[in-house]
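Participant: Here it is, the structure in full.
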Amino acid sequence: MSQDHIWMQQAIELARRGQYSTKPNPNVGCVIVKDGKLIGEGFHPKAGQPHAEVFALRAAGEQAQGATAYVTLEPCAHYGRTPPCAKGLVAAGVAKVVVACPDPNPLVAGKGVQILRDAGIQVEVGVLEQQAHQLNLGFLKAMATGLPYVRLKIASSLDGRTAMASGESKWITGTEARLDVQHWRAISGAVITGIETVLADDCQLNVRELQGVDLATVVQPKRVILDRQGRLPLTAKILAQPEQVIVMGPYRTELADLGVEQLQIQSLENLLKTLKEKQIYDVLVEAGATLSTAFLHANLVDEMLSYVAPTLLGQSARAMFSAEFSRMAEQQRFKLIDLAQVGNDVRLRLIPMQETL
């Protein structure tokens with residue numbers, strides 16, 4: 001492995017330290033190296049606070065002159081709540097900047113690299129790009145396409161069932177798998193569910209436990225409830241933090257009085273566009289078969305998180321999806337991108353391989 005790869009890997013590990021706290025900003029890490037030695041490092045901890053490059057340059061001080069900076073995302077080129085990092089690197093006098101991932105944000109999109117090159121700084125782009133891209137799947141997709149990155153989470157038995165016929169579903173998977181789901185909620189800007197799930201489980205869908213993480217630092221996801229008939233009870237546990245709840249359905253004064261944000265009924269794609277406009281770039285869908293299938297039908301799922309428990313629930317139990325297929329040609333295929341044992345269960349990360357269901 002080259003020295004560039006080693007230092008960029010360190011910057012990627014730094015970036016991960018902000019994965020639960022930076023929303024809506026991307027996760028970014030930076031290390032500054034001179035004569036083969038680390039002289040400064042930093043990561044972006046929270047929106048409104050300095051970016052990774054600023055922390056690294058502060059640590060490096062005057063030694064940054066003639067050094068090499070490794071940054072996981074193209075340095076910003078615009079004035080927002082903080083000054084542009086590209087100009088900060090120029091002012092510090094670094095000789096070279098190695099960038100993992102270009103930034104498709106129209107406010108940056110090559111402008112950061114251009115500022116550096118115009119100042120005579122050597123720039124290399126694409127070192128460990130795929131690994132760095134994984135840090136910010138939602139941000140990068142939203143900036144490039146206008147839609148957030150959608151993960152669909154399903155927990156099922158070996159025979160593909162998610163609940164008993166009565167609706168009872170606690171618990172198919174074990175404690176470790178349920179704790180693992182907390183991570184995916186914590187990196188999401190919103191968790192989407194349907195009213196049937198809320199009525200059946202009285203769920204909260206917030207982040208309640210992350211091993212080794214202070215929950216006070218976690219930016220909690222918004223909880224988005226699709227309630228087209230206005231059935232959400234005011235006693236639902238999910239309304240314990242009404243400012244964190246968004247309801248798509250008919251306008252209800254009693255919800256407005258609680259401080260719940262309400263959206264008019266719209267298509268799932270338009271709902272996702274609306275969430276992107278609210279700077280929500282990662283979405284986790286935790287819902288029943290009908291809504292899960294609707295997201296797949298609309299080709300809106302980027303990744304499926306399938307937790308499979310080594311148990312059988314029987315043919316009368318509820319199925320994972322509500323799609324009806326009559327021919328093999330209609331099947332929906334997925335590509336397995338990761339497989340992990342989580343406690344006594346298995347987690348599959350899958351991406352759709354075909355456009356229609």
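Letters A, B, ... mark the chains of the structure tokens in the order given; residue numbers begin at 1 per chain; ligand numbers begin at 1, in order shown.
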Show me, as JSON lines, the residues of stretch 205-236 of chain A having an atom within 9 Å of stretch 256-269 of chain A, each with the closest atom pair and its distance in Å, using only C-alpha atoms.

Facilitator:
```
{"residue": "A:Leu226", "atom": "CA", "partner": "A:Ile265", "partner_atom": "CA", "distance": 8.4}
{"residue": "A:Asp227", "atom": "CA", "partner": "A:Ile265", "partner_atom": "CA", "distance": 8.7}
{"residue": "A:Arg228", "atom": "CA", "partner": "A:Ile265", "partner_atom": "CA", "distance": 6.8}
```

Participant: Determine which residues of stretch 114-260 of chain A DSSP labels as strand (DSSP E) from the backbone of this structure, then write them out as a list in words.

Facilitator: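 So, restricting stretch 114-260 of chain A to strand (DSSP E), we get Gln122, Val123, Glu124, Val125, Tyr149, Val150, Arg151, Leu152, Lys153, Ile154, Ala155, Ser156, Arg161, Thr162, Ala163, Ala190, Val191, Ile192, Thr193, Gly194, Lys222, Arg223, Val224, Ile225, Leu226, Val245, Ile246, Val247 and Met248 of chain A.
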
Participant: Residues within 7 Å of A:Ala47, please, as number ranges by chain. Count only C-alpha atoms; anything in the same chain fewer than 6 positions from it doesn't count.

Facilitator: A: 22-25

Participant: May I have the residues from that selection written out with N, CA and C atoms, as a PDB file, in the first residue's frame?

Facilitator:
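What ended up in selection.pdb:
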```
ATOM      1  N   THR A  22     -22.805  15.120  12.124  1.00  0.00           N
ATOM      2  CA  THR A  22     -22.570  16.195  11.145  1.00  0.00           C
ATOM      3  C   THR A  22     -23.790  16.582  10.313  1.00  0.00           C
ATOM      4  N   LYS A  23     -24.846  15.781  10.347  1.00  0.00           N
ATOM      5  CA  LYS A  23     -26.000  16.055   9.471  1.00  0.00           C
ATOM      6  C   LYS A  23     -26.472  17.501   9.622  1.00  0.00           C
ATOM      7  N   PRO A  24     -26.800  18.179   8.509  1.00  0.00           N
ATOM      8  CA  PRO A  24     -26.845  17.676   7.122  1.00  0.00           C
ATOM      9  C   PRO A  24     -25.516  17.746   6.373  1.00  0.00           C
ATOM     10  N   ASN A  25     -24.465  18.173   7.046  1.00  0.00           N
ATOM     11  CA  ASN A  25     -23.171  18.271   6.377  1.00  0.00           C
ATOM     12  C   ASN A  25     -22.556  16.888   6.165  1.00  0.00           C
TER      13      ASN A  25
END
```

Participant: List every residue of stretch 124-353 of chain A that DSSP, applied to the backbone, labels as helix (DSSP H, G or I), and write the result as a ChimeraX atom specification.

Facilitator: /A:129-145,175-186,195-201,215-217,237-240,242-244,253-258,268-277,289-297,328-330

Participant: Report the closest atom pair, with its distance in Å rounded to one decimal, for each residue of stretch 61-175 of chain A that has an atom no farther than 9 Å from stretch 290-301 of chain A; count only C-alpha atoms, sort by chain and then rising residue number, and write it as CSV.

Facilitator:
```
residue,atom,partner,partner_atom,distance
A:Tyr149,CA,A:Val301,CA,7.8
A:Val150,CA,A:Val301,CA,5.2
A:Arg151,CA,A:Val301,CA,6.2
A:Leu152,CA,A:Val301,CA,6.5
A:Lys153,CA,A:Ser292,CA,8.7
A:Ile154,CA,A:Ser292,CA,8.6
```

Participant: Create the file for the chosen residues now, containing N, CA and C atoms and written as a PDB file, in the first residue's frame.

Facilitator:
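Final output, saved to result_14.pdb:
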```pdb
ATOM      1  N   TYR A 149     -30.551   9.253  -0.501  1.00  0.00           N
ATOM      2  CA  TYR A 149     -30.207   7.837  -0.577  1.00  0.00           C
ATOM      3  C   TYR A 149     -31.172   7.086   0.329  1.00  0.00           C
ATOM      4  N   VAL A 150     -31.855   6.090  -0.219  1.00  0.00           N
ATOM      5  CA  VAL A 150     -32.915   5.389   0.505  1.00  0.00           C
ATOM      6  C   VAL A 150     -32.474   3.975   0.855  1.00  0.00           C
ATOM      7  N   ARG A 151     -32.476   3.692   2.146  1.00  0.00           N
ATOM      8  CA  ARG A 151     -32.238   2.334   2.635  1.00  0.00           C
ATOM      9  C   ARG A 151     -33.565   1.760   3.126  1.00  0.00           C
ATOM     10  N   LEU A 152     -33.869   0.553   2.702  1.00  0.00           N
ATOM     11  CA  LEU A 152     -35.083  -0.138   3.134  1.00  0.00           C
ATOM     12  C   LEU A 152     -34.675  -1.245   4.090  1.00  0.00           C
ATOM     13  N   LYS A 153     -35.161  -1.169   5.334  1.00  0.00           N
ATOM     14  CA  LYS A 153     -34.800  -2.159   6.349  1.00  0.00           C
ATOM     15  C   LYS A 153     -35.939  -3.151   6.535  1.00  0.00           C
ATOM     16  N   ILE A 154     -35.586  -4.444   6.503  1.00  0.00           N
ATOM     17  CA  ILE A 154     -36.558  -5.515   6.697  1.00  0.00           C
ATOM     18  C   ILE A 154     -35.985  -6.512   7.703  1.00  0.00           C
TER      19      ILE A 154
END
```

Participant: Write out as an NGL selection string each polymer residue whose atoms come within 8 Å of A:Ala309, counting only C-alpha atoms; drop sequence neighbours fewer than 5 positions from it.

Facilitator: :A and (155-158 or 172-174 or 344-346)

Participant: Restricting the calculation to only C-alpha atoms, which member of A:Tyr281, A:Phe325, A:Phe334, A:Trp171 is positioned closest to A:Leu313?

Facilitator: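 Using only C-alpha atoms, the shortest distance to A:Leu313 belongs to A:Trp171.
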
Participant: Please report the interatomic distance between atom CA of A:Val247 and atom CA of A:Ile225 in Å with one decimal.

Facilitator: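 Those two atoms sit 4.8 Å apart.
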
Participant: In Å to one decimal, how far is atom CA of A:Asp4 from atom CA of A:Phe43?

Facilitator: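 Interatomic distance, atom CA of A:Phe43 to atom CA of A:Asp4: 18.0 Å.
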
Participant: Would you mind telling me which residue in A:His5, A:Lys170, A:Arg231, A:His44 lies nearest to A:Ile195 when using only C-alpha atoms?

Facilitator: A:Arg231
